[in-house]
Every structure is written in structure tokens, then in C-alpha cells.
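One file, coords-v3.tsv, carrying TSV, C-alpha atoms and all ligand atoms:
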```
chain	number	residue	atom	x	y	z
A	1	MET	CA	10.57	-2.87	-13.40
A	2	LYS	CA	7.95	-0.12	-13.62
A	3	LYS	CA	7.85	2.22	-10.63
A	4	ILE	CA	4.51	3.52	-9.43
A	5	LEU	CA	3.41	6.21	-6.98
A	6	ALA	CA	0.44	5.30	-4.79
A	7	PRO	CA	-0.81	8.34	-2.82
A	8	SER	CA	-2.37	7.36	0.51
A	9	ILE	CA	-5.68	9.15	0.96
A	10	LEU	CA	-5.31	9.00	4.74
A	11	SER	CA	-3.55	12.37	4.52
A	12	ALA	CA	-6.01	13.89	2.02
A	13	ASP	CA	-8.66	16.47	2.94
A	14	PHE	CA	-11.62	14.19	3.75
A	15	ALA	CA	-14.05	17.07	3.17
A	16	ASN	CA	-12.75	17.27	-0.41
A	17	LEU	CA	-11.61	13.70	-0.97
A	18	GLY	CA	-12.67	13.32	-4.60
A	19	ARG	CA	-11.00	16.60	-5.55
A	20	ASP	CA	-7.71	15.69	-3.83
A	21	VAL	CA	-7.63	12.21	-5.36
A	22	LEU	CA	-8.22	13.56	-8.88
A	23	THR	CA	-5.54	16.23	-8.43
A	24	ALA	CA	-2.98	13.55	-7.49
A	25	ILE	CA	-4.00	11.37	-10.45
A	26	ASP	CA	-3.88	14.26	-12.92
A	27	ALA	CA	-0.37	15.05	-11.68
A	28	GLY	CA	0.79	11.49	-12.51
A	29	ALA	CA	-0.10	9.11	-9.66
A	30	GLU	CA	-1.11	5.69	-11.02
A	31	TYR	CA	-2.58	3.99	-7.94
A	32	VAL	CA	-4.78	5.22	-5.10
A	33	HIS	CA	-3.79	3.70	-1.74
A	34	ILE	CA	-6.75	3.32	0.60
A	35	ASP	CA	-5.94	2.75	4.28
A	36	VAL	CA	-8.67	0.91	6.14
A	37	MET	CA	-8.18	0.86	9.94
A	38	ASP	CA	-10.42	-0.86	12.47
A	39	GLY	CA	-9.25	0.51	15.83
A	40	MET	CA	-8.20	-3.04	16.81
A	41	PHE	CA	-5.33	-4.18	14.59
A	42	VAL	CA	-4.15	-0.55	14.71
A	43	PRO	CA	-5.22	2.12	17.22
A	44	GLN	CA	-7.06	4.36	14.80
A	45	ILE	CA	-10.38	3.96	12.94
A	46	SER	CA	-10.28	5.45	9.43
A	47	PHE	CA	-13.06	4.41	7.02
A	48	GLY	CA	-14.46	1.33	5.32
A	49	ASN	CA	-15.64	0.14	1.93
A	50	PRO	CA	-18.32	2.88	1.44
A	51	VAL	CA	-15.46	5.31	0.78
A	52	ILE	CA	-14.08	3.03	-1.96
A	53	LYS	CA	-17.55	2.76	-3.44
A	54	ALA	CA	-17.95	6.55	-3.44
A	55	LEU	CA	-14.58	7.15	-5.15
A	56	ARG	CA	-14.89	4.33	-7.71
A	57	PRO	CA	-17.00	6.21	-10.30
A	58	LEU	CA	-14.48	9.07	-10.38
A	59	THR	CA	-11.56	7.21	-11.98
A	60	ASP	CA	-10.32	3.97	-13.54
A	61	VAL	CA	-6.91	3.97	-11.82
A	62	ILE	CA	-5.93	1.03	-9.64
A	63	PHE	CA	-7.44	1.14	-6.15
A	64	ASP	CA	-5.12	-0.48	-3.68
A	65	ALA	CA	-6.90	-1.29	-0.39
A	66	HIS	CA	-4.56	-1.69	2.59
A	67	LEU	CA	-6.63	-3.50	5.20
A	68	MET	CA	-5.27	-2.86	8.69
A	69	ILE	CA	-8.03	-4.90	10.28
A	70	GLU	CA	-8.26	-8.04	12.41
A	71	ASP	CA	-9.42	-11.20	10.65
A	72	PRO	CA	-9.75	-9.51	7.21
A	73	GLY	CA	-11.16	-12.70	5.65
A	74	ARG	CA	-14.56	-11.52	6.96
A	75	TYR	CA	-14.59	-8.57	4.57
A	76	ILE	CA	-12.78	-9.59	1.35
A	77	GLU	CA	-15.95	-9.91	-0.70
A	78	ASP	CA	-17.23	-6.51	0.50
A	79	PHE	CA	-14.01	-4.76	-0.54
A	80	ALA	CA	-13.97	-6.55	-3.86
A	81	LYS	CA	-17.56	-5.48	-4.56
A	82	ALA	CA	-16.84	-1.89	-3.49
A	83	GLY	CA	-14.23	-1.60	-6.26
A	84	ALA	CA	-10.79	-2.43	-4.85
A	85	ASP	CA	-8.38	-3.82	-7.49
A	86	ILE	CA	-5.63	-4.93	-5.13
A	87	ILE	CA	-6.52	-6.17	-1.66
A	88	THR	CA	-3.72	-6.21	0.92
A	89	VAL	CA	-4.09	-8.07	4.21
A	90	HIS	CA	-1.60	-8.16	7.08
A	91	ALA	CA	0.14	-11.48	7.74
A	92	GLU	CA	-0.09	-10.64	11.47
A	93	ALA	CA	-3.91	-10.32	11.25
A	94	CYS	CA	-4.62	-13.66	9.54
A	95	THR	CA	-4.72	-16.99	11.36
A	96	HIS	CA	-5.11	-18.73	7.99
A	97	LEU	CA	-3.15	-16.53	5.61
A	98	ASP	CA	-3.17	-18.96	2.69
A	99	ARG	CA	-6.96	-19.20	2.86
A	100	VAL	CA	-7.39	-15.40	2.84
A	101	VAL	CA	-5.00	-15.00	-0.11
A	102	HIS	CA	-7.14	-17.46	-2.06
A	103	GLN	CA	-10.33	-15.67	-1.01
A	104	ILE	CA	-8.93	-12.51	-2.64
A	105	LYS	CA	-7.95	-14.37	-5.82
A	106	ASP	CA	-11.32	-16.12	-5.98
A	107	CYS	CA	-12.92	-12.65	-6.11
A	108	GLY	CA	-10.82	-11.94	-9.21
A	109	LYS	CA	-8.65	-9.37	-7.41
A	110	LYS	CA	-4.89	-9.00	-7.03
A	111	ALA	CA	-3.67	-10.41	-3.73
A	112	ALA	CA	-1.09	-8.75	-1.52
A	113	VAL	CA	0.24	-9.37	1.97
A	114	ALA	CA	1.67	-6.70	4.26
A	115	ILE	CA	4.25	-7.25	6.98
A	116	ASN	CA	5.02	-4.92	9.86
A	117	PRO	CA	8.59	-3.70	10.39
A	118	ALA	CA	9.37	-6.34	13.06
A	119	THR	CA	7.78	-9.24	11.15
A	120	PRO	CA	10.36	-11.46	9.40
A	121	LEU	CA	10.15	-12.28	5.69
A	122	SER	CA	9.61	-15.94	6.63
A	123	ALA	CA	5.98	-14.98	7.44
A	124	ILE	CA	5.25	-14.67	3.72
A	125	GLU	CA	7.83	-17.03	2.21
A	126	TYR	CA	5.49	-19.95	1.47
A	127	VAL	CA	2.63	-17.85	0.05
A	128	LEU	CA	4.96	-15.68	-2.04
A	129	PRO	CA	4.33	-17.59	-5.32
A	130	GLU	CA	0.59	-16.87	-4.91
A	131	LEU	CA	1.02	-13.12	-4.46
A	132	ASP	CA	0.92	-10.14	-6.82
A	133	MET	CA	2.51	-7.81	-4.29
A	134	VAL	CA	4.16	-7.72	-0.87
A	135	LEU	CA	3.76	-4.57	1.22
A	136	VAL	CA	6.79	-3.97	3.40
A	137	MET	CA	5.67	-1.53	6.11
A	138	THR	CA	8.37	1.05	6.69
A	139	VAL	CA	6.66	2.45	9.81
A	140	ASN	CA	4.50	0.75	12.43
A	141	PRO	CA	1.03	0.96	10.89
A	142	GLY	CA	-1.74	3.13	12.28
A	143	PHE	CA	-0.88	6.73	11.47
A	144	GLY	CA	0.28	8.91	8.61
A	145	GLY	CA	3.21	11.28	8.92
A	146	GLN	CA	5.62	8.96	10.77
A	147	LYS	CA	9.36	8.65	10.21
A	148	TYR	CA	10.74	5.97	7.85
A	149	ILE	CA	12.46	3.11	9.75
A	150	PRO	CA	15.88	2.70	8.08
A	151	TYR	CA	16.36	-1.07	8.70
A	152	CYS	CA	13.36	-1.75	6.44
A	153	GLY	CA	15.52	-0.97	3.39
A	154	GLU	CA	17.58	-4.09	4.09
A	155	LYS	CA	14.38	-6.11	4.35
A	156	VAL	CA	13.26	-4.86	0.94
A	157	ARG	CA	16.65	-5.81	-0.50
A	158	GLU	CA	16.37	-9.36	0.93
A	159	LEU	CA	12.81	-9.72	-0.35
A	160	ARG	CA	13.78	-8.61	-3.87
A	161	LYS	CA	16.58	-11.21	-3.80
A	162	MET	CA	14.13	-13.90	-2.66
A	163	ILE	CA	11.67	-12.99	-5.46
A	164	THR	CA	14.43	-13.03	-8.09
A	165	GLU	CA	15.88	-16.34	-6.87
A	166	LYS	CA	12.46	-17.96	-7.02
A	167	ASN	CA	11.97	-16.49	-10.50
A	168	LEU	CA	8.70	-14.80	-9.49
A	169	ASP	CA	6.99	-11.65	-10.69
A	170	VAL	CA	5.92	-9.92	-7.48
A	171	ASP	CA	5.77	-6.18	-6.80
A	172	ILE	CA	7.28	-4.76	-3.63
A	173	GLN	CA	5.36	-1.88	-2.11
A	174	VAL	CA	6.74	0.31	0.67
A	175	ASP	CA	4.51	2.33	2.97
A	176	GLY	CA	5.37	4.83	5.68
A	177	GLY	CA	7.62	7.87	5.75
A	178	VAL	CA	8.34	7.71	2.01
A	179	LYS	CA	9.03	11.12	0.46
A	180	ALA	CA	10.96	12.88	-2.29
A	181	SER	CA	14.17	12.94	-0.25
A	182	ASN	CA	14.38	9.16	0.41
A	183	ILE	CA	12.41	7.56	-2.45
A	184	ALA	CA	15.42	7.07	-4.75
A	185	ALA	CA	17.37	5.23	-2.02
A	186	ILE	CA	14.36	3.00	-1.25
A	187	ALA	CA	13.91	2.25	-4.96
A	188	GLU	CA	17.56	1.22	-5.11
A	189	CYS	CA	16.80	-1.45	-2.46
A	190	GLY	CA	14.30	-3.05	-4.86
A	191	ALA	CA	10.90	-1.55	-4.07
A	192	ASN	CA	8.78	-0.54	-7.07
A	193	ILE	CA	5.46	0.72	-5.64
A	194	PHE	CA	5.70	3.70	-3.31
A	195	VAL	CA	2.97	4.82	-0.94
A	196	CYS	CA	3.20	8.49	0.01
A	197	GLY	CA	0.57	10.11	2.23
A	198	SER	CA	1.71	13.31	3.89
A	199	ALA	CA	4.39	13.85	1.23
A	200	VAL	CA	1.64	14.07	-1.42
A	201	PHE	CA	-1.30	15.68	0.35
A	202	GLU	CA	0.38	18.21	2.67
A	203	GLY	CA	0.83	21.45	0.75
A	204	ASN	CA	0.56	21.68	-3.04
A	205	ILE	CA	-0.50	18.23	-4.28
A	206	GLU	CA	0.47	18.77	-7.91
A	207	LYS	CA	3.91	20.13	-7.05
A	208	ASN	CA	4.48	17.34	-4.49
A	209	VAL	CA	3.56	14.58	-6.94
A	210	LYS	CA	5.79	15.99	-9.68
A	211	GLU	CA	8.75	16.26	-7.31
A	212	ILE	CA	8.26	12.72	-5.97
A	213	LEU	CA	7.93	11.27	-9.50
A	214	GLU	CA	11.11	13.02	-10.56
A	215	GLN	CA	13.07	11.54	-7.64
A	216	MET	CA	11.38	8.13	-8.01
A	217	ASN	CA	12.44	7.81	-11.65
A	218	LYS	CA	16.03	9.00	-11.11
B	301	LIG	O1	-0.69	2.51	6.09
B	301	LIG	C1	-0.32	3.61	6.44
B	301	LIG	C2	-0.18	3.97	7.89
B	301	LIG	O2	-0.50	2.89	8.67
B	301	LIG	C3	0.08	4.55	5.40
B	301	LIG	O3	-0.42	4.25	4.14
B	301	LIG	C4	0.16	6.03	5.72
B	301	LIG	O4	-0.98	6.72	5.34
B	301	LIG	C5	1.37	6.60	5.04
B	301	LIG	O5	1.51	7.93	5.38
B	301	LIG	P1	2.89	8.71	5.26
B	301	LIG	O6	3.87	8.04	6.19
B	301	LIG	O7	3.32	8.59	3.82
B	301	LIG	O8	2.55	10.10	5.67
B	302	FE	FE	-1.06	2.11	3.98
```
Write out the structure in this file as C-alpha cells.
Amino acid sequence: MKKILAPSILSADFANLGRDVLTAIDAGAEYVHIDVMDGMFVPQISFGNPVIKALRPLTDVIFDAHLMIEDPGRYIEDFAKAGADIITVHAEACTHLDRVVHQIKDCGKKAAVAINPATPLSAIEYVLPELDMVLVMTVNPGFGGQKYIPYCGEKVRELRKMITEKNLDVDIQVDGGVKASNIAAIAECGANIFVCGSAVFEGNIEKNVKEILEQMNK
């Protein structure tokens, strides 16, 4: 299964966002992970779809919108129109998860569901055949630069087993505290899309991306 690095722009320099994003892409990142926070589902407010719209003309790479917002069904069409390719909603934020997943697919976008560290896999079990990706949060969402929660590796392993047993083709994304020093171990658990925020954007972006890719593909 192809492994992909998805830099999270939450840790980029917002005053030079386009430049930072293009540097990460030129160094080998294949997705751009866009963290949308509403100050309700998570404590912080980040940015909304105008930022996706502003970045869209710069590149054709996959834009992966991680919506950490309450009742995301209200905004699916807006994010689709802004240029997101994958739209991820939190299972914990949707009263009618199946309906929201279909809203995303009806917009012609890839549908993904995220689960927080303490949320069991059963929350996504029935919608799994409808999904392109599951995002297993490896920190409690809301902030960049947090420490990876080790028990999440076991959850990724169980999810990969569930996907294989059901004979499905679903990506597993991990997000939170992922860096060069732990990415190989997390990949071994069965994840194949890796969000890295601070590990990419703090310091030399090009050097960071190259080091992460090297460890990711070990
Ligand atoms: O969704 C989130 C945080 O809620 C993430 O995408 C973070 O932006 C990841 O940052 P690092 O833990 O990699 O610094
Ligand atoms: Fe994220």
C-alpha cells in the first residue's frame, strides 16, 4: 500500500503560507492537510474555506480538509466548492454520520471519518464500506505539537485488520505527534497516510520532509 506524507499547515508560517506549502510539496509531500477548527468542537479557531480557496490555484496536489467542527454537514458543499479533494468529518461531531458521509460523496469528493483517541472503532464500523479513508487521531484534536498517544497504534492495527477482513480498500490516516522518529513504527501498525505538522514546518522544511520520507519508506 502506497504511503503518503500529508503536512499539516496548522504549523506553517501563516504570513507565508503559500511559500511553505510549495516548499513541502517540492520536497516530496503528496497531500496538504488542512485543519479547520471552530472553537467549539475543539478549543481553538484556525481558519475556514477561504484559505483552501486561496491555496487551490497554487498546486494540483490532494487537499485533505480535516474538519474539527460541530455539525459539519452544514458546510460540506462550501468546502467542496473551495477545492478540498478529501473531506474528513469527526464521528463525534455528527448526529447523522451516514447522511454526512453521503453528502460528501454526492459532492464528488472522497469521504473520510475521524475518530478521537478515546472513541472506539465501533463508531465507524457500519459506515466503513462507504469510506475512502479513516483518520485515527493520535492526539486529542485541537493543537499542533502534542505528544503521540501510544495506545493509538493498537487501534490502527485493529482497524487495518477490520478493513482487510471485510476486503475493503480504505486508507488509514494518523494525525498528531507523528515525526521521523516514530513514523516507521506507526506504519508497521498499518497506517498509510501520515499527517505531520510541527515535524515538517518547524525548522528547515525541505530537510524535515526528506528525513520523514526516508523513515516512512523504510
Ligand atoms: O488535527 C490536528 C490537531 O488537532 C493536526 O493535524 C495537527 O496539526 C498535527 O500537528 P503535529 O502533532 O504533527 O504537530
Ligand atoms: Fe489534522
Item to check | Contacts of region 203-209 of chain A within 8 Å, only C-alpha atoms, excl. fewer than 3 positions in-chain, as a list of chain:residue names | outcome: A:Asp20, A:Thr23, A:Ala24, A:Ala27, A:Gly28, A:Ala29, A:Ala199, A:Val200, A:Ile212, A:Leu213
Checklist entry - Quick one: residues within 6 Å of ligand LIG 301 (chain B), with only C-alpha atoms and all ligand atoms, as a PyMOL selection string? => result chain A and resi 8+10+35+141-146+175-178+196-199
Item to check | Distance of CA of Val21 (chain A) from CA of Arg160 (chain A), expressed in Å to one decimal place | outcome: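 Going from CA of Arg160 (chain A) over to CA of Val21 (chain A) covers 29.9 Å.
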Next on the checklist: Just checking: using only C-alpha atoms, which residue out of A:Gly73, A:Pro129, A:Pro7, A:Gly18 ends up closest to Val170 (chain A)?
Outcome noted: A:Pro129
Checklist entry - For ligand FE 302 (chain B), which residue among A:Asn192, A:Gln103, A:Asn16, A:Gln173 is the nearest when counting only C-alpha atoms and all ligand atoms? => result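 Among A:Asn192, A:Gln103, A:Asn16, A:Gln173, it is A:Gln173 that comes nearest to ligand FE 302 (chain B).
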Next on the checklist: Counting all atoms listed in the file, which residue out of A:Glu214, A:Asp106, A:Glu92, A:Glu202 sits closest to Pro120 (chain A)?
Outcome noted: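 Nearest candidate to Pro120 (chain A) out of A:Glu214, A:Asp106, A:Glu92, A:Glu202: A:Glu92.
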Item to check | Nearby residues (all atoms listed in the file) at most 8 Å from Ile52 (chain A), same-chain spacing under 3 positions excluded, as a list in words | outcome: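 Skipping anything fewer than 3 positions along the chain leaves Ile34, Gly48, Asn49, Leu55, Arg56, Phe79, Ala82, Gly83 and Ala84 of chain A.
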Item to check | Nearest to ligand FE 302 (chain B), chosen from A:Ala80, A:Ala54, A:Val195, A:Ala91, with all atoms listed in the file counted in the distances | outcome: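 Smallest distance to ligand FE 302 (chain B) is found for A:Val195.
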Checklist entry - CA of Asn140 (chain A) and CA of Ile115 (chain A), how far apart in Å? => result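 One can read the CA of Ile115 (chain A) to CA of Asn140 (chain A) distance as 9.7 Å.
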Checklist entry - Quick one: of A:Leu159, A:Ala65, A:Val51, A:Ile76, who's nearest to ligand FE 302 (chain B), counting all atoms listed in the file? => result A:Ala65
Item to check | Residues within 9 Å of (17.4, 14.7, -5.9), counting only C-alpha atoms, listed as a ChimeraX atom specification | outcome: /A:180-182,184,211,214-215,218
Next on the checklist: Restricting the calculation to only C-alpha atoms and all ligand atoms: of A:Asp85, A:Glu188, A:Tyr151, A:Met68, which residue gets closest to ligand FE 302 (chain B)?
Outcome noted: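 Of the candidates, the smallest distance to ligand FE 302 (chain B) is held by A:Met68.
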Next on the checklist: Which residues are near Leu168 (chain A)? Cut-off 12 Å, all atoms listed in the file, ignore same chain within fewer than 4 positions. Put them as a list of chain:residue names.
Outcome noted: A:Glu125, A:Val127, A:Leu128, A:Pro129, A:Glu130, A:Leu131, A:Asp132, A:Met133, A:Leu159, A:Arg160, A:Lys161, A:Met162, A:Ile163, A:Thr164, A:Ile172
Store the residues picked out above in a file with C-alpha atoms, as a short mmCIF file (atom, residue, chain, number, x, y, z; two decimals), in the coordinates of the input.
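Generated file (selection-v9.cif):
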```cif
data_model
loop_
_atom_site.label_atom_id
_atom_site.label_comp_id
_atom_site.auth_asym_id
_atom_site.auth_seq_id
_atom_site.Cartn_x
_atom_site.Cartn_y
_atom_site.Cartn_z
CA GLU A 125 7.83 -17.03 2.21
CA VAL A 127 2.63 -17.85 0.05
CA LEU A 128 4.96 -15.68 -2.04
CA PRO A 129 4.33 -17.59 -5.32
CA GLU A 130 0.59 -16.87 -4.91
CA LEU A 131 1.02 -13.12 -4.46
CA ASP A 132 0.92 -10.14 -6.82
CA MET A 133 2.51 -7.81 -4.29
CA LEU A 159 12.81 -9.72 -0.35
CA ARG A 160 13.78 -8.61 -3.87
CA LYS A 161 16.58 -11.21 -3.80
CA MET A 162 14.13 -13.90 -2.66
CA ILE A 163 11.67 -12.99 -5.46
CA THR A 164 14.43 -13.03 -8.09
CA ILE A 172 7.28 -4.76 -3.63
#
```
Next on the checklist: Could you tell me how far CA of Gln44 (chain A) sits from CA of Gly153 (chain A), in Å to one decimal place?
Outcome noted: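 We find that CA of Gly153 (chain A) and CA of Gln44 (chain A) lie 25.9 Å from each other.
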